[in-house]
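File shown: query_28.txt. Contents: compact mmCIF, C-alpha atoms.
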# COMPACT_ATOMS: atom_id res chain seq x y z
CA THR A 1 10.29 -14.38 -19.48
CA ALA A 2 7.39 -16.78 -18.93
CA ALA A 3 6.20 -14.71 -15.97
CA LEU A 4 6.33 -11.54 -18.05
CA GLN A 5 4.43 -13.24 -20.87
CA MET A 6 1.72 -14.26 -18.41
CA TYR A 7 1.64 -10.77 -16.92
CA LYS A 8 1.12 -9.25 -20.36
CA ALA A 9 -1.64 -11.76 -21.14
CA ALA A 10 -3.36 -10.92 -17.85
CA TYR A 11 -2.91 -7.13 -17.77
CA GLY A 12 -2.27 -6.15 -21.39
CA ASP A 13 1.12 -4.53 -20.88
CA LEU A 14 4.48 -4.90 -19.14
CA LYS A 15 4.16 -1.93 -16.79
CA VAL A 16 4.63 -4.17 -13.76
CA PRO A 17 4.06 -2.35 -10.43
CA SER A 18 7.18 -2.45 -8.25
CA ARG A 19 5.29 -4.35 -5.51
CA PHE A 20 3.85 -6.99 -7.82
CA VAL A 21 4.45 -10.58 -6.71
CA VAL A 22 3.58 -13.51 -8.99
CA PRO A 23 0.53 -15.35 -7.57
CA SER A 24 1.19 -18.93 -6.48
CA LEU A 25 -1.45 -20.58 -8.64
CA PRO A 26 -2.14 -21.54 -12.27
CA PRO A 27 -2.05 -20.30 -14.96
CA TRP A 28 1.09 -18.55 -13.71
CA PRO A 29 4.18 -20.71 -14.41
CA GLU A 30 5.01 -22.68 -11.27
CA PRO A 31 8.76 -21.87 -11.27
CA ALA A 32 7.80 -18.20 -11.00
CA TRP A 33 5.33 -18.53 -8.11
CA SER A 34 5.99 -15.90 -5.38
CA MET A 35 8.59 -14.21 -7.58
CA LYS A 36 8.91 -10.48 -6.85
CA LEU A 37 8.38 -9.68 -10.52
CA GLY A 38 7.90 -5.96 -9.97
CA GLN A 39 11.28 -5.64 -8.28
CA ARG A 40 12.98 -7.62 -11.05
CA VAL A 41 11.45 -5.44 -13.74
CA ALA A 42 12.54 -2.31 -11.85
CA SER A 43 16.10 -3.72 -11.67
CA ILE A 44 16.10 -4.45 -15.39
CA ARG A 45 15.09 -0.86 -16.16
CA SER A 46 17.39 0.85 -13.68
CA THR A 47 20.55 -1.28 -13.81
CA GLY A 48 20.18 -3.62 -16.78
CA LYS A 49 20.26 -6.60 -14.41
CA TYR A 50 19.49 -10.00 -16.03
CA VAL A 51 20.06 -8.61 -19.55
CA GLN A 52 23.55 -7.10 -19.38
CA ASP A 53 25.77 -8.64 -22.03
CA ASN A 54 22.90 -10.85 -23.16
CA ASP A 55 21.52 -9.59 -26.45
CA THR A 56 19.17 -12.59 -26.76
CA ARG A 57 17.34 -11.76 -23.53
CA ARG A 58 17.18 -8.08 -24.42
CA GLN A 59 15.70 -8.90 -27.83
CA GLN A 60 13.15 -11.26 -26.25
CA LEU A 61 11.97 -8.44 -23.99
CA GLU A 62 11.78 -5.96 -26.85
CA ASP A 63 9.78 -8.44 -28.96
CA MET A 64 7.29 -8.66 -26.08
CA GLY A 65 6.91 -4.87 -26.05
CA PHE A 66 9.02 -4.18 -22.96
CA LEU A 67 9.42 -0.46 -22.21
CA TRP A 68 12.92 0.42 -21.07
CA ARG A 69 11.82 3.83 -19.83
CA LEU A 70 8.46 4.70 -18.32
CA ARG A 71 7.09 8.20 -18.42
CA ALA A 72 6.03 9.59 -15.06
CA PRO A 73 2.40 8.54 -14.59
CA SER A 74 -0.31 11.14 -14.85
CA ARG A 75 -3.12 11.27 -12.30
CA ASP A 76 -5.31 9.33 -14.74
CA SER A 77 -2.83 6.55 -15.50
CA ALA A 78 -1.40 6.13 -12.01
CA MET A 79 -3.36 2.92 -11.39
CA ASN A 80 -0.95 0.88 -13.57
CA GLY A 81 -3.74 -1.21 -15.04
CA ILE A 82 -5.39 -1.96 -11.68
CA THR A 83 -9.16 -1.97 -12.18
CA PHE A 84 -11.72 -0.46 -9.86
CA ASP A 85 -13.17 -3.92 -9.19
CA GLN A 86 -9.74 -5.07 -7.95
CA VAL A 87 -9.48 -2.01 -5.71
CA PHE A 88 -12.98 -2.56 -4.36
CA GLU A 89 -12.27 -6.23 -3.57
CA ALA A 90 -9.10 -5.19 -1.74
CA LEU A 91 -10.97 -2.54 0.24
CA GLN A 92 -13.71 -5.00 1.16
CA MET A 93 -11.14 -7.43 2.52
CA TYR A 94 -9.26 -4.61 4.25
CA LYS A 95 -12.45 -3.66 6.08
CA GLU A 96 -13.17 -7.28 7.00
CA GLN A 97 -9.67 -8.19 8.14
CA ILE A 98 -8.13 -4.97 9.44
CA GLN A 99 -10.64 -2.18 10.03
CA PRO A 100 -14.14 -3.55 10.66
CA GLU A 101 -15.28 -0.34 12.38
CA GLY A 102 -15.26 3.29 11.29
CA LYS A 103 -14.48 4.74 7.89
CA ILE A 104 -11.96 2.83 5.81
CA ASN A 105 -8.60 4.58 6.12
CA VAL A 106 -5.69 2.73 4.47
CA PRO A 107 -2.12 3.76 5.43
CA SER A 108 -0.01 4.94 2.48
CA ASN A 109 2.50 2.10 2.94
CA PHE A 110 -0.07 -0.71 2.97
CA VAL A 111 0.46 -3.46 0.38
CA VAL A 112 -2.06 -6.28 -0.02
CA PRO A 113 -0.52 -9.45 1.45
CA ASN A 114 0.30 -12.32 -0.87
CA ALA A 115 -1.77 -14.74 1.20
CA ASP A 116 -5.26 -15.96 2.01
CA PRO A 117 -7.92 -14.72 2.51
CA TRP A 118 -7.01 -11.83 0.18
CA PRO A 119 -8.38 -12.31 -3.36
CA GLU A 120 -5.75 -13.54 -5.82
CA SER A 121 -6.36 -10.60 -8.15
CA THR A 122 -5.45 -8.10 -5.41
CA ARG A 123 -2.31 -9.64 -3.93
CA GLY A 124 0.78 -7.45 -4.13
CA MET A 125 -1.31 -4.35 -4.89
CA PRO A 126 0.17 -1.18 -3.32
CA LEU A 127 -3.31 -0.23 -2.12
CA GLY A 128 -2.20 2.55 0.20
CA LYS A 129 -0.43 4.40 -2.61
CA LYS A 130 -3.51 4.17 -4.82
CA ILE A 131 -5.89 5.77 -2.31
CA PRO A 132 -5.14 9.42 -3.30
CA VAL A 133 -5.91 8.52 -6.93
CA ILE A 134 -9.13 6.75 -5.96
CA ARG A 135 -10.25 9.84 -4.03
CA SER A 136 -9.70 12.15 -7.00
CA LYS A 137 -12.68 13.55 -8.91
CA THR A 138 -11.02 12.50 -12.18
CA TYR A 139 -10.87 8.85 -11.14
CA LEU A 140 -14.40 8.76 -9.73
CA LYS A 141 -15.78 10.42 -12.87
CA ALA A 142 -13.98 7.89 -15.07
CA ASN A 143 -15.50 5.00 -13.09
CA PRO A 144 -19.29 5.50 -12.99
CA GLY A 145 -20.85 4.08 -9.85
CA ALA A 146 -17.53 3.91 -8.01
CA ALA A 147 -18.36 6.74 -5.60
CA ASP A 148 -21.65 5.11 -4.56
CA ARG A 149 -20.07 1.70 -4.01
CA LEU A 150 -17.21 3.21 -2.00
CA ALA A 151 -19.61 5.29 0.09
CA LYS A 152 -21.71 2.22 0.96
CA LEU A 153 -18.54 0.39 1.96
CA GLY A 154 -17.58 3.21 4.33
CA PHE A 155 -14.62 4.63 2.40
CA GLU A 156 -13.11 7.89 3.71
CA PHE A 157 -13.18 10.34 0.77
CA ASP A 158 -11.67 13.25 2.72
CA GLY A 159 -7.89 12.92 2.48
CA LYS A 160 -7.22 15.48 5.23
CA ALA A 161 -9.64 13.79 7.60
CA ALA A 162 -8.07 10.40 6.81
CA ALA A 163 -4.57 11.70 7.54
CA ASN A 164 -5.75 13.22 10.81
CA ASP A 165 -7.43 9.94 11.80
CA GLN A 166 -4.21 8.05 11.12
CA ARG A 167 -2.19 10.48 13.26
CA TYR A 168 -4.76 10.20 16.06
CA GLN A 169 -4.72 6.38 15.91
CA LYS A 170 -0.95 6.36 16.15
CA VAL A 171 -0.98 8.57 19.25
CA TYR A 172 -3.82 6.56 20.78
CA ASP A 173 -1.94 3.28 20.25
CA ALA A 174 1.20 4.81 21.75
CA LEU A 175 -0.67 6.06 24.81
CA LYS A 176 -2.20 2.62 25.38
CA ARG A 177 1.26 1.07 25.26
CA TYR A 178 2.75 3.80 27.46
CA LYS A 179 0.15 3.10 30.16
CA GLU A 180 0.80 -0.66 29.92
CA VAL A 181 4.51 -0.02 30.46
CA ASN A 182 4.41 2.84 32.97
CA GLY A 183 1.02 2.49 34.66
CA ASP A 184 -0.09 6.07 33.98
CA LEU A 185 -0.48 8.70 31.25
CA PHE A 186 1.81 11.34 32.76
CA VAL A 187 4.00 11.50 29.65
CA PRO A 188 6.98 13.88 30.06
CA GLN A 189 7.16 16.49 27.31
CA PRO A 190 10.61 15.34 26.05
CA TYR A 191 9.50 11.68 25.86
CA VAL A 192 10.13 9.92 22.54
CA VAL A 193 9.17 6.29 21.86
CA PRO A 194 12.52 4.46 21.85
CA ASP A 195 13.86 3.24 18.52
CA GLY A 196 14.55 -0.47 18.27
CA ASP A 197 12.63 -1.31 21.46
CA ASN A 198 10.76 -4.55 20.79
CA GLY A 199 8.40 -3.69 23.63
CA TRP A 200 6.84 -1.12 21.31
CA PRO A 201 5.24 -1.65 17.87
CA GLU A 202 7.77 -0.74 15.19
CA ASN A 203 5.46 1.81 13.54
CA LEU A 204 5.58 3.85 16.78
CA TRP A 205 9.38 3.98 17.10
CA GLY A 206 10.65 7.54 17.17
CA LEU A 207 7.22 9.07 17.85
CA ARG A 208 7.55 12.28 19.90
CA LEU A 209 4.77 11.22 22.21
CA GLY A 210 5.45 13.82 24.90
CA ALA A 211 5.13 16.65 22.37
CA ARG A 212 1.89 15.16 21.00
CA VAL A 213 0.39 14.87 24.49
CA ASN A 214 1.39 18.45 25.22
CA ALA A 215 -0.37 19.56 22.02
CA ILE A 216 -3.52 17.69 23.06
CA ARG A 217 -3.49 19.37 26.49
CA SER A 218 -2.59 22.88 25.37
CA GLN A 219 -4.25 23.15 21.94
CA GLY A 220 -6.93 20.46 21.97
CA THR A 221 -5.31 18.67 19.03
CA PHE A 222 -7.44 15.68 17.89
CA VAL A 223 -10.22 16.44 20.41
CA ARG A 224 -11.50 19.89 19.50

Can you present the structure in this file as structure tokens?
Amino acid sequence: TAALQMYKAAYGDLKVPSRFVVPSLPPWPEPAWSMKLGQRVASIRSTGKYVQDNDTRRQQLEDMGFLWRLRAPSRDSAMNGITFDQVFEALQMYKEQIQPEGKINVPSNFVVPNADPWPESTRGMPLGKKIPVIRSKTYLKANPGAADRLAKLGFEFDGKAAANDQRYQKVYDALKRYKEVNGDLFVPQPYVVPDGDNGWPENLWGLRLGARVNAIRSQGTFVR
């Protein structure tokens, strides 16, 4: 309850994102540091966990303004209270720590780590899932100056181009690893990156690399 009270004081509501983790610093209550608050709130809503057969707890939540059901977010409200400044700070750090070159292209499953050097206000943010919203004309119009700041940072506004870049990077990384393992790039067409093979990065497991290489050779995919 103390963590939820602090969340409401900080963000103005109890719509806790599912990936939200309580920061390990004051003024957040120390017993709650690193608590996966978003997951707990989701469990409360979906299964009644922590409040089943406990009318006192349920009443405490209702007195705080807890919403037992959330309407599906619209395009405008999909940021769950995350401000543009928080997003921008996260993107700045993403560029510095992960992608110092090229246009910033955040994978859809990327969540800001709950660790230094990431700014406290960004930790636990599901940044990858917010990128489509940030690209939308509605969001940029509602946040004057956002487009200019993002452009100067090197943000990729074109969603299709970003997706294509991500697919290319995945194939490129797989080809590098294939050559390290096999000494050449003569990838057989049926070749698939083996699942569960610790010699390969996990995000490449199951990739139909042979089919991708064939598409590059026959259709010029990624290089036309």

* To do: Have a look at CA of Ala3 (chain A) and CA of Ala90 (chain A) and let me know their distance in Å, one decimal.
  =>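 So the two atoms, CA of Ala3 (chain A) and CA of Ala90 (chain A), lie 23.0 Å apart.
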
* From the list A:Gln97, A:Val112, A:Pro126, A:Ala2, which residue is nearest Glu30 (chain A) when using all atoms listed in the file? ->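 Comparing A:Gln97, A:Val112, A:Pro126, A:Ala2 against Glu30 (chain A), the winner is A:Ala2.
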
Quick one: residues within 10 Å of Lys15 (chain A), only C-alpha atoms, excluding same-chain residues fewer than 4 positions away - as a compact mmCIF listing (two decimals) with C-alpha atoms, in the coordinates of the input?
# COMPACT_ATOMS: atom_id res chain seq x y z
CA LEU A 4 6.33 -11.54 -18.05
CA TYR A 7 1.64 -10.77 -16.92
CA LYS A 8 1.12 -9.25 -20.36
CA TYR A 11 -2.91 -7.13 -17.77
CA GLY A 38 7.90 -5.96 -9.97
CA VAL A 41 11.45 -5.44 -13.74
CA ALA A 42 12.54 -2.31 -11.85
CA PHE A 66 9.02 -4.18 -22.96
CA LEU A 67 9.42 -0.46 -22.21
CA LEU A 70 8.46 4.70 -18.32
CA ASN A 80 -0.95 0.88 -13.57
CA GLY A 81 -3.74 -1.21 -15.04

* CA of Val106 (chain A) and CA of Phe88 (chain A), how far apart in Å? -> 12.6 Å

* Asked: For Phe84 (chain A), which residue out of A:Asn143, A:Gln59, A:Ser108, A:Thr47 is the nearest one, using only C-alpha atoms?
  -> A:Asn143

* Structure fact -> Min atom-atom distance to Ala115 (chain A) from the set A:Lys137, A:Met93, A:Leu207, A:Pro29, counting only C-alpha atoms, belongs to A:Met93

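By chain and then residue number, the residues within 8 Å of Leu185 (chain A) are Leu175, Tyr178 and Lys179 of chain A, counting only C-alpha atoms and disregarding those fewer than 5 positions away in sequence.
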
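Compared by their closest atoms to Val213 (chain A), and using only C-alpha atoms, the residues A:Met64, A:Val181, A:Ala151, A:Val171 rank with A:Val171 nearest.
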
* **Distance of CA of Arg177 (chain A) from CA of Trp200 (chain A), expressed in Å to one decimal place** =>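 Distance between the two atoms: 7.2 Å.
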
* Asked: Hey, what's within 9 Å of Val87 (chain A) if we count only C-alpha atoms and toss same-chain stuff fewer than 2 positions away? As JSON, numbers by chain, please?
  -> {"A": [82, 83, 84, 85, 89, 90, 91, 92, 122, 125, 127, 130, 134]}

* To do: For each of A:Lys103, A:Lys170, A:Gly145, A:Gly12, take the minimum atom-to-atom distance to Glu202 (chain A), counting all atoms listed in the file, then give the residue where this is smallest.
  =>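 Comparing A:Lys103, A:Lys170, A:Gly145, A:Gly12 against Glu202 (chain A), the winner is A:Lys170.
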